[in-house]
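A.B. asks: Quick one: the structure is below, questions incoming.
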Amino acid sequence: MAASTMSFLERAGTGPREAARWSRRQVLLTDLRSVRGRAYPRVKGLLREPSWVLFEILLPFLATSAFVFVYRAIDAPQQYVGFVVLGGALSAFWLNVIWMMANQLYWEKSQGNLELYFAAPMHFMSILFGMAVGGMVMSSTRAATVLLIAGTLYGVTFSVDQWALLLGVFLLTLGALYGLGMVLASLFLVWGREAWHMGQLFTEPVYFVSGLNFPVARLGFLGALSVAFIPLATGLDAMRQLAFAGAAFPAGTPPPLVEVAILAAMTVVSIVAARWMLIAMERRARRDGRLSVRWQ
Amino acid sequence: MPGAILPLAIETRAVRRVYAARPQPIVALDGVDLEVPPGELFGLLGPNGAGKTTLIKILTTLLLPSSGTARVFGFDVERETKQIRRIMNMVAGGEQSGYGILTVREQLWMFTQFYGLAGGEGWRRVDELVEAVGLAEQRLQRVSTLSTGQRQKMNLARGLLNDPWILFLDEPTLGLDVSAARSLRELIVEWQRAVPGRTILLTTHYMAEADELCDRIAIVDRGRILAIGSPTELKKRVQRESIFRIELDRLDGGAGALARLPGVVSASAAADVADSVGRQVVVMNLVLEDDGALGRVVGALAETGSRIQGLRKSEPTLEDVFVELVGRGFEDSEAASMVPATEEVG
C-alpha cells in the first residue's frame, strides 16, 4: 500500500501541517462533494428496496382513493378529486421529511455514522443538504408515481396557466419542507427517542391541518393562518390554486404570491436555524459526550 | 517529508475528562500526559473502562477535555478541529457504519466524498484500497451481507481513504477470528511503514496484539497512564531474573542441590508429568540471577546423570507488567473500571 500518486493524496502527502491547510476552493469543493456523497445512498437505494412500492405508493394511493370516493359520494365538485390527488402525492414528501430527515441523525448516531460525519473535514450542513437532496429525488419519484396513477385512474384534469410559477412554488415548498426537516433532525437528535415518538404522534394531525384532503382555507381564516408555518399546508394550497386555475376556492384563501413569500421566508429561516442548531448541537456533543454511543 | 521537522503527532498535557453521571460523576481520564512522535505505532493498553476510547475521542475532536490540553500534529483539539479532521481518520472495532443497502465499493466511494476527493479520483482510490485489503471479490457485494471480518476490512479501507497522517484505531480486531485479526494487523503495519511520518494510535485490550504491533505502549488504568515504554522495556520492569522451565528424565538428589549452585536464586520441582511423546518427566522451575548461571545448572545435572528432555525460557508478558503495576489482573480491572469523581464536572 504505497502512497498514491493521485492529486488529493499528493496534497495529503506533502506533510501533515501542509496537508491540513486547505484553500477556500478546496473547502467549498469538499462541501459540495459531501452533499453529493450523502445524497448518493438515497438515490442509489431508490430501486433497491421494493417495500417502498407498498409503503410510499400503494398506501398513499389507497388513502387518497378513500377521499376520492367520499367526495364522489357526496357529489363534491370535480376539482376536489384533483385536490385530494395532489395532496396524496405530496404526502410522500412529508413522510420523507419526518422519517428520513427528522429521525435520520438519531438513527445515524445509533449506527455510528454520526461520529464519522463529525470527524470528517466537511461542514455538517453538507450532510443535511445531502440528505435533503437525496430525499427530494427519492420522494419526487414516488410522488410522481402516485400523481400519475391516481390522476389517470380518477380522471383529474389540470388547468395550469403559470407553469413557471407552479414549478417555483413546488421547489420552494420542497425547500421549506426539507429546511424544516433539517431543523427537526438536530432537535430529534438531542431529544432522542421522545422525539421519535413525537414524530409518530404528529403525523396524522399534520396531515389534517395541512389540508392534504381539502383546501386549507376550509379551516377558516384564523385556522389557515395558524397552520401557515407548516410548509406542506402553504405549499399545497398555492400549488392547488396554480394547478387548478379557475377552480372555486373558499373565501379567505391567500393568493399564491403571498404564499410564495411565506415559503421563501420559511426556507431561509429554517436553513439558518438548522445551521445554528447544528453548531449548538456539536458544541453540546463535544462538551457533554452525550451524542455518541461509544462514549467510554 | 524528508528533513522536515514535525511537531509531535500527539501531545497531551494533564488531560482530564469527567462525565456527568448519577449518582456520581465519572472520571474517565485523570491527568493524562502523553507524547507520541510522528511515525510511531503507539498503543494504549488497558482493560475496558480504562479511558482509552475517551482519549481517542478527545484526540479525534469528538469530545472536549474537561481540563488540560491536547494537540495533534500541533493543532489544538478544541480550537483547530477542521485542521485535525483533514489529516486524520479513525476506525473502531465492531463498527457498523454506513448503509447496508450500498455495495462495498459504493459505500467507500460515498466516504471519499466527505474528504473532498473528486468523483473519478474517489473511485480509483476505492478500487486501490479494496484490492489492498483483500476485498476485491466482495467489492460489488452489499455491505449488509459481509461477514464481521470482511466488514472490518472495509472499515479499515474507509479509514485509509484520505491517506491520513494519523490513524486512530479503537480496538480494531475486536470480535474477529484469529485469521481475520492477523490479516488486519498485517495491513495496519504495512500501511504505516509505507510512508515515514504516518502515525497510528491503537487501543486494545489484547496483550499479544499490543506486544506484536506497537513501537511503544502506554498502560492505562482508571484514567491514568501507569507506564510508557516499548514492549521490551515494559517487560524488563518485571524481569529481574531469568526464569527457565526444565524437563528431566529423573532428578537424583532433589532440587536442593541445584538451588545451592552459585547464581541460582531458586530451584523447585514443579511436577512429574508426561511430555509430548508420553514419557514421564520431572519438571523443574529455575530462577537464575542471569542466563550465565544456566551452564552451571546443566553441568551439575550432567554429573548426576540426569538427561534434559526439554528447556524453555519463560518470558514475562504484558499481563505480568500490568499485574505488577496495578496489583491485579485485567479481568479484575474490567469489573472495577470506573472511578467516581471527587469533584463536579466543569
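How things are named: the first chain in the C-alpha cells is A, the next is B, and so on; residues count from 1 in each chain; ligands count from 1 in the order shown.
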Which polymer residues have any atom within 7 Å of an atom of Glu289 of chain B, counting only C-alpha atoms, with same-chain residues fewer than 4 positions away left out, as a PyMOL selection string?
C.D. replies: chain B and resi 241-242+263-265
A.B. asks: Those selected residues, please, written with C-alpha atoms and delivered as an mmCIF file, in the first residue's frame.
C.D. replies:
```
data_model
loop_
_atom_site.group_PDB
_atom_site.id
_atom_site.type_symbol
_atom_site.label_atom_id
_atom_site.label_comp_id
_atom_site.auth_asym_id
_atom_site.auth_seq_id
_atom_site.Cartn_x
_atom_site.Cartn_y
_atom_site.Cartn_z
ATOM 1 C CA GLU B 241 15.766 -12.698 36.996
ATOM 2 C CA SER B 242 15.937 -15.330 34.257
ATOM 3 C CA GLY B 263 23.814 -17.766 40.505
ATOM 4 C CA VAL B 264 20.741 -19.883 41.200
ATOM 5 C CA VAL B 265 18.075 -17.947 43.068
#
```
A.B. asks: Do you know which residues are at most 9 Å from segment 314-327 of chain B counting only C-alpha atoms, after dropping those on the same chain fewer than 4 positions away, and could you put them as a list in words?
C.D. replies: Gly46, Met207, Ala208, Ala210, Asp211, Ile219, Asp221, Leu226, Ala227, Pro231, Leu234, Lys235, Lys236, Arg237, Val238, Gln239, Ser242, Ile243, Phe244, Arg245 and Ser333 of chain B
A.B. asks: Could you write those residues out with C-alpha atoms, as a short mmCIF file (atom, residue, chain, number, x, y, z; two decimals), in the first residue's frame?
C.D. replies:
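What landed in part.cif:
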```cif
data_model
loop_
_atom_site.label_atom_id
_atom_site.label_comp_id
_atom_site.auth_asym_id
_atom_site.auth_seq_id
_atom_site.Cartn_x
_atom_site.Cartn_y
_atom_site.Cartn_z
CA GLY B 46 -5.79 -1.26 29.32
CA MET B 207 -1.90 -8.02 25.23
CA ALA B 208 -0.43 -10.03 22.36
CA ALA B 210 -0.11 -4.61 21.60
CA ASP B 211 3.10 -6.58 22.01
CA ILE B 219 -0.52 1.03 30.08
CA ASP B 221 -5.94 2.02 34.09
CA LEU B 226 0.77 3.89 34.62
CA ALA B 227 3.78 3.25 32.42
CA PRO B 231 7.10 -3.77 24.94
CA LEU B 234 8.00 -2.65 29.90
CA LYS B 235 8.65 -6.36 30.28
CA LYS B 236 12.11 -5.70 31.64
CA ARG B 237 10.44 -3.92 34.53
CA VAL B 238 9.21 -7.24 35.83
CA GLN B 239 12.03 -9.44 34.56
CA SER B 242 15.94 -15.33 34.26
CA ILE B 243 13.29 -17.98 34.64
CA PHE B 244 13.65 -21.40 33.00
CA ARG B 245 11.48 -24.49 32.89
CA SER B 333 -9.76 -4.35 36.38
#
```
A.B. asks: Quick one: distance from atom CA of Lys109 of chain A to atom CA of Gly98 of chain B in Å, one decimal?
C.D. replies: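 These atoms are spaced 11.1 Å apart.
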A.B. asks: For segment 231-248 of chain A, work out the shell of residues within 7 Å, counting only C-alpha atoms and skipping chain neighbours fewer than 4 positions away, then give it as a PyMOL selection string.
C.D. replies: chain A and resi 79+83+87+158-162+166+169-170+173+176-177+210-211+215-216+227+256+259+263
A.B. asks: Write to file, as a PDB file, in the first residue's frame, the residues of the selection just made, with C-alpha atoms.
C.D. replies:
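Contents of selection-v2.pdb, as written:
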```pdb
ATOM      1  CA  GLN A  79     -61.786  19.710  -8.676  1.00  0.00           C
ATOM      2  CA  PHE A  83     -57.114  18.491  -4.720  1.00  0.00           C
ATOM      3  CA  GLY A  87     -52.372  16.164  -1.603  1.00  0.00           C
ATOM      4  CA  PHE A 158     -55.168  20.016 -14.505  1.00  0.00           C
ATOM      5  CA  SER A 159     -55.577  23.567 -15.655  1.00  0.00           C
ATOM      6  CA  VAL A 160     -52.277  25.415 -15.426  1.00  0.00           C
ATOM      7  CA  ASP A 161     -51.818  28.988 -16.587  1.00  0.00           C
ATOM      8  CA  GLN A 162     -48.482  29.706 -14.925  1.00  0.00           C
ATOM      9  CA  LEU A 166     -46.130  26.354 -10.268  1.00  0.00           C
ATOM     10  CA  VAL A 169     -43.846  27.039  -5.737  1.00  0.00           C
ATOM     11  CA  PHE A 170     -43.099  23.326  -5.851  1.00  0.00           C
ATOM     12  CA  THR A 173     -42.269  24.042  -0.901  1.00  0.00           C
ATOM     13  CA  ALA A 176     -39.218  24.937   3.190  1.00  0.00           C
ATOM     14  CA  LEU A 177     -40.179  21.335   3.918  1.00  0.00           C
ATOM     15  CA  SER A 210     -52.034  20.722   6.103  1.00  0.00           C
ATOM     16  CA  GLY A 211     -55.247  20.202   4.188  1.00  0.00           C
ATOM     17  CA  PRO A 215     -58.455  23.227   0.811  1.00  0.00           C
ATOM     18  CA  VAL A 216     -56.847  24.532   3.971  1.00  0.00           C
ATOM     19  CA  VAL A 227     -51.065  26.458  10.058  1.00  0.00           C
ATOM     20  CA  PRO A 256     -50.284  32.250  -4.448  1.00  0.00           C
ATOM     21  CA  GLU A 259     -47.810  32.007  -0.104  1.00  0.00           C
ATOM     22  CA  LEU A 263     -42.484  29.723   1.706  1.00  0.00           C
TER      23      LEU A 263
END
```
A.B. asks: Restricting the calculation to only C-alpha atoms, which member of B:Gly116, B:Pro196, B:Pro23, B:Pro7 is positioned closest to chain A?
C.D. replies: B:Gly116
A.B. asks: Based on only C-alpha atoms, which of the residues in chain B come within 7 Å of chain A? I want them as a PyMOL selection string.
C.D. replies: chain B and resi 1+49+51+53-54+60-64+73+82-87+95-98+101-102+110-111+113-117+132+162-163+165+190-191+194-195
A.B. asks: Grab the residues selected above and save them as an mmCIF file, in the first residue's frame with N, CA and C atoms.
C.D. replies:
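Heads up, here's the output in result.cif:
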```cif
data_model
loop_
_atom_site.group_PDB
_atom_site.id
_atom_site.type_symbol
_atom_site.label_atom_id
_atom_site.label_comp_id
_atom_site.auth_asym_id
_atom_site.auth_seq_id
_atom_site.Cartn_x
_atom_site.Cartn_y
_atom_site.Cartn_z
ATOM 1 N N MET B 1 8.319 13.907 3.021
ATOM 2 C CA MET B 1 8.570 14.862 4.075
ATOM 3 C C MET B 1 10.019 14.824 4.547
ATOM 4 N N GLY B 49 -12.985 0.269 30.009
ATOM 5 C CA GLY B 49 -13.275 1.275 31.026
ATOM 6 C C GLY B 49 -12.048 1.997 31.542
ATOM 7 N N GLY B 51 -10.332 4.194 29.939
ATOM 8 C CA GLY B 51 -10.294 5.569 29.428
ATOM 9 C C GLY B 51 -9.672 5.675 28.046
ATOM 10 N N THR B 53 -10.853 4.816 24.982
ATOM 11 C CA THR B 53 -11.735 5.372 23.955
ATOM 12 C C THR B 53 -12.002 6.854 24.207
ATOM 13 N N THR B 54 -12.095 7.233 25.456
ATOM 14 C CA THR B 54 -12.295 8.654 25.771
ATOM 15 C C THR B 54 -11.122 9.476 25.243
ATOM 16 N N THR B 60 -9.629 12.874 18.458
ATOM 17 C CA THR B 60 -10.301 12.948 17.153
ATOM 18 C C THR B 60 -11.333 14.083 17.120
ATOM 19 N N THR B 61 -11.291 14.950 18.079
ATOM 20 C CA THR B 61 -12.109 16.180 18.154
ATOM 21 C C THR B 61 -13.587 15.906 18.407
ATOM 22 N N LEU B 62 -13.922 14.725 18.868
ATOM 23 C CA LEU B 62 -15.332 14.417 19.105
ATOM 24 C C LEU B 62 -15.756 14.749 20.526
ATOM 25 N N LEU B 63 -14.798 15.031 21.360
ATOM 26 C CA LEU B 63 -15.083 15.247 22.773
ATOM 27 C C LEU B 63 -14.100 16.286 23.289
ATOM 28 N N LEU B 64 -14.584 17.156 24.168
ATOM 29 C CA LEU B 64 -13.676 18.148 24.746
ATOM 30 C C LEU B 64 -13.116 17.625 26.057
ATOM 31 N N PHE B 73 -0.460 16.811 15.812
ATOM 32 C CA PHE B 73 0.473 17.481 14.895
ATOM 33 C C PHE B 73 0.482 18.997 15.138
ATOM 34 N N LYS B 82 -10.966 21.606 12.435
ATOM 35 C CA LYS B 82 -11.010 21.363 10.982
ATOM 36 C C LYS B 82 -9.659 20.855 10.481
ATOM 37 N N GLN B 83 -8.591 21.502 10.961
ATOM 38 C CA GLN B 83 -7.250 21.088 10.502
ATOM 39 C C GLN B 83 -6.972 19.634 10.890
ATOM 40 N N ILE B 84 -7.355 19.284 12.101
ATOM 41 C CA ILE B 84 -7.101 17.898 12.543
ATOM 42 C C ILE B 84 -7.919 16.918 11.702
ATOM 43 N N ARG B 85 -9.174 17.284 11.455
ATOM 44 C CA ARG B 85 -10.056 16.374 10.723
ATOM 45 C C ARG B 85 -9.584 16.136 9.287
ATOM 46 N N ARG B 86 -8.800 17.081 8.762
ATOM 47 C CA ARG B 86 -8.310 16.928 7.386
ATOM 48 C C ARG B 86 -7.168 15.928 7.278
ATOM 49 N N ILE B 87 -6.512 15.646 8.378
ATOM 50 C CA ILE B 87 -5.319 14.793 8.277
ATOM 51 C C ILE B 87 -5.431 13.515 9.101
ATOM 52 N N GLU B 95 -17.446 -1.728 14.275
ATOM 53 C CA GLU B 95 -18.128 -0.582 13.672
ATOM 54 C C GLU B 95 -19.173 -1.040 12.645
ATOM 55 N N GLN B 96 -20.364 -0.448 12.716
ATOM 56 C CA GLN B 96 -21.440 -0.816 11.783
ATOM 57 C C GLN B 96 -21.815 0.376 10.906
ATOM 58 N N SER B 97 -20.844 1.226 10.645
ATOM 59 C CA SER B 97 -21.147 2.477 9.949
ATOM 60 C C SER B 97 -21.559 2.231 8.502
ATOM 61 N N GLY B 98 -22.136 3.279 7.923
ATOM 62 C CA GLY B 98 -22.519 3.217 6.514
ATOM 63 C C GLY B 98 -23.934 2.714 6.330
ATOM 64 N N ILE B 101 -27.533 -0.952 2.336
ATOM 65 C CA ILE B 101 -28.137 -1.054 1.005
ATOM 66 C C ILE B 101 -27.095 -0.844 -0.104
ATOM 67 N N LEU B 102 -25.959 -0.241 0.261
ATOM 68 C CA LEU B 102 -24.915 0.029 -0.735
ATOM 69 C C LEU B 102 -23.970 -1.164 -0.845
ATOM 70 N N MET B 110 -18.767 6.773 -1.233
ATOM 71 C CA MET B 110 -19.527 7.797 -0.511
ATOM 72 C C MET B 110 -18.619 8.506 0.504
ATOM 73 N N PHE B 111 -17.837 7.708 1.222
ATOM 74 C CA PHE B 111 -16.966 8.324 2.236
ATOM 75 C C PHE B 111 -15.844 9.153 1.601
ATOM 76 N N GLN B 113 -16.171 11.161 -0.678
ATOM 77 C CA GLN B 113 -16.738 12.476 -0.952
ATOM 78 C C GLN B 113 -16.653 13.395 0.266
ATOM 79 N N PHE B 114 -16.725 12.804 1.449
ATOM 80 C CA PHE B 114 -16.660 13.611 2.671
ATOM 81 C C PHE B 114 -15.247 14.143 2.915
ATOM 82 N N TYR B 115 -14.290 13.587 2.196
ATOM 83 C CA TYR B 115 -12.909 14.076 2.323
ATOM 84 C C TYR B 115 -12.508 14.886 1.089
ATOM 85 N N GLY B 116 -13.458 15.129 0.209
ATOM 86 C CA GLY B 116 -13.223 16.047 -0.897
ATOM 87 C C GLY B 116 -12.562 15.454 -2.108
ATOM 88 N N LEU B 117 -12.490 14.134 -2.215
ATOM 89 C CA LEU B 117 -11.912 13.565 -3.435
ATOM 90 C C LEU B 117 -12.877 13.778 -4.595
ATOM 91 N N ALA B 132 -6.192 -3.725 -1.871
ATOM 92 C CA ALA B 132 -5.149 -3.818 -0.834
ATOM 93 C C ALA B 132 -5.632 -4.560 0.410
ATOM 94 N N ASN B 162 -8.572 8.817 2.924
ATOM 95 C CA ASN B 162 -7.982 10.155 2.771
ATOM 96 C C ASN B 162 -6.480 10.139 3.021
ATOM 97 N N ASP B 163 -5.896 8.942 3.042
ATOM 98 C CA ASP B 163 -4.469 8.801 3.296
ATOM 99 C C ASP B 163 -4.065 9.652 4.504
ATOM 100 N N TRP B 165 -2.574 11.270 7.964
ATOM 101 C CA TRP B 165 -1.249 11.294 8.591
ATOM 102 C C TRP B 165 -1.300 10.625 9.957
ATOM 103 N N GLU B 190 1.670 -2.716 7.418
ATOM 104 C CA GLU B 190 2.129 -2.447 6.052
ATOM 105 C C GLU B 190 1.830 -0.998 5.658
ATOM 106 N N TRP B 191 0.619 -0.563 5.961
ATOM 107 C CA TRP B 191 0.235 0.809 5.616
ATOM 108 C C TRP B 191 1.107 1.814 6.352
ATOM 109 N N ALA B 194 4.697 2.198 5.057
ATOM 110 C CA ALA B 194 4.880 2.601 3.656
ATOM 111 C C ALA B 194 5.359 4.041 3.524
ATOM 112 N N VAL B 195 4.981 4.900 4.432
ATOM 113 C CA VAL B 195 5.366 6.316 4.339
ATOM 114 C C VAL B 195 5.878 6.788 5.706
#
```
A.B. asks: Which residue gives the smallest distance to Gly155 of chain A among A:Val81, A:Met101, A:Met136, A:Leu90, with only C-alpha atoms counted?
C.D. replies: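 Ranking A:Val81, A:Met101, A:Met136, A:Leu90 by distance to Gly155 of chain A, first place goes to A:Val81.
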A.B. asks: Between A:Leu172, A:Ile271, A:Val209, A:Val85, which is the closest to Thr157 of chain A once you count only C-alpha atoms?
C.D. replies: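 Using only C-alpha atoms, Thr157 of chain A sits closest to A:Val85.
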A.B. asks: Quick one: pick out all alpha helix (DSSP H) residues within segment 14-141 of chain A from a backbone DSSP run and write them as a ChimeraX atom specification.
C.D. replies: /A:16-19,24-44,51-52,59-73,78-97,104-111,113-119,124-141
A.B. asks: One number please: atom CA of Val260 of chain A to atom CA of Thr145 of chain A, in Å, one decimal.
C.D. replies: 25.4 Å
A.B. asks: Might you pull out every residue within 8 Å of segment 168-171 of chain B, with only C-alpha atoms counted and same-chain residues fewer than 5 positions away left off, and present them as a list in words?
C.D. replies: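 In the requested form, the answer reads Thr53, Ile56, Thr60, Met88, Asn89, Met90, Val91, Ala92, Gly93, Ile200, Leu201, Leu202, Thr203, Thr204 and His205 of chain B.
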A.B. asks: Please save N, CA and C atoms of the selected residues as a PDB file, in the first residue's frame.
C.D. replies:
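What landed in selection-v8.pdb:
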```
ATOM      1  N   THR B  53     -10.853   4.816  24.982  1.00  0.00           N
ATOM      2  CA  THR B  53     -11.735   5.372  23.955  1.00  0.00           C
ATOM      3  C   THR B  53     -12.002   6.854  24.207  1.00  0.00           C
ATOM      4  N   ILE B  56      -9.167   8.710  22.759  1.00  0.00           N
ATOM      5  CA  ILE B  56      -9.275   8.745  21.291  1.00  0.00           C
ATOM      6  C   ILE B  56     -10.319   9.768  20.869  1.00  0.00           C
ATOM      7  N   THR B  60      -9.629  12.874  18.458  1.00  0.00           N
ATOM      8  CA  THR B  60     -10.301  12.948  17.153  1.00  0.00           C
ATOM      9  C   THR B  60     -11.333  14.083  17.120  1.00  0.00           C
ATOM     10  N   MET B  88      -6.601  13.279   9.650  1.00  0.00           N
ATOM     11  CA  MET B  88      -6.726  12.064  10.469  1.00  0.00           C
ATOM     12  C   MET B  88      -7.901  11.218   9.987  1.00  0.00           C
ATOM     13  N   ASN B  89      -7.946  10.005  10.492  1.00  0.00           N
ATOM     14  CA  ASN B  89      -9.125   9.168  10.304  1.00  0.00           C
ATOM     15  C   ASN B  89      -9.205   8.201  11.475  1.00  0.00           C
ATOM     16  N   MET B  90     -10.301   7.537  11.595  1.00  0.00           N
ATOM     17  CA  MET B  90     -10.494   6.650  12.744  1.00  0.00           C
ATOM     18  C   MET B  90     -11.298   5.421  12.355  1.00  0.00           C
ATOM     19  N   VAL B  91     -10.971   4.328  12.990  1.00  0.00           N
ATOM     20  CA  VAL B  91     -11.698   3.068  12.763  1.00  0.00           C
ATOM     21  C   VAL B  91     -11.892   2.405  14.130  1.00  0.00           C
ATOM     22  N   ALA B  92     -13.113   1.975  14.373  1.00  0.00           N
ATOM     23  CA  ALA B  92     -13.388   1.312  15.649  1.00  0.00           C
ATOM     24  C   ALA B  92     -13.771  -0.138  15.404  1.00  0.00           C
ATOM     25  N   GLY B  93     -13.419  -0.976  16.351  1.00  0.00           N
ATOM     26  CA  GLY B  93     -13.796  -2.385  16.262  1.00  0.00           C
ATOM     27  C   GLY B  93     -15.304  -2.537  16.356  1.00  0.00           C
ATOM     28  N   ILE B 200       0.116   5.951  14.075  1.00  0.00           N
ATOM     29  CA  ILE B 200      -1.096   5.211  14.470  1.00  0.00           C
ATOM     30  C   ILE B 200      -1.201   5.220  15.987  1.00  0.00           C
ATOM     31  N   LEU B 201      -2.374   5.538  16.459  1.00  0.00           N
ATOM     32  CA  LEU B 201      -2.671   5.332  17.875  1.00  0.00           C
ATOM     33  C   LEU B 201      -3.682   4.199  17.946  1.00  0.00           C
ATOM     34  N   LEU B 202      -3.277   3.142  18.604  1.00  0.00           N
ATOM     35  CA  LEU B 202      -4.090   1.928  18.651  1.00  0.00           C
ATOM     36  C   LEU B 202      -4.501   1.662  20.090  1.00  0.00           C
ATOM     37  N   THR B 203      -5.771   1.437  20.296  1.00  0.00           N
ATOM     38  CA  THR B 203      -6.171   0.988  21.634  1.00  0.00           C
ATOM     39  C   THR B 203      -6.543  -0.490  21.545  1.00  0.00           C
ATOM     40  N   THR B 204      -6.212  -1.189  22.557  1.00  0.00           N
ATOM     41  CA  THR B 204      -6.554  -2.611  22.566  1.00  0.00           C
ATOM     42  C   THR B 204      -6.558  -3.122  23.998  1.00  0.00           C
ATOM     43  N   HIS B 205      -7.288  -4.173  24.218  1.00  0.00           N
ATOM     44  CA  HIS B 205      -7.074  -4.839  25.491  1.00  0.00           C
ATOM     45  C   HIS B 205      -6.545  -6.254  25.266  1.00  0.00           C
TER      46      HIS B 205
END
```
A.B. asks: Could you tell me how far atom CA of Met281 of chain A lies from atom CA of Ser186 of chain A, in Å and to one decimal?
C.D. replies: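 About the pair atom CA of Met281 of chain A and atom CA of Ser186 of chain A: they are 6.9 Å apart.
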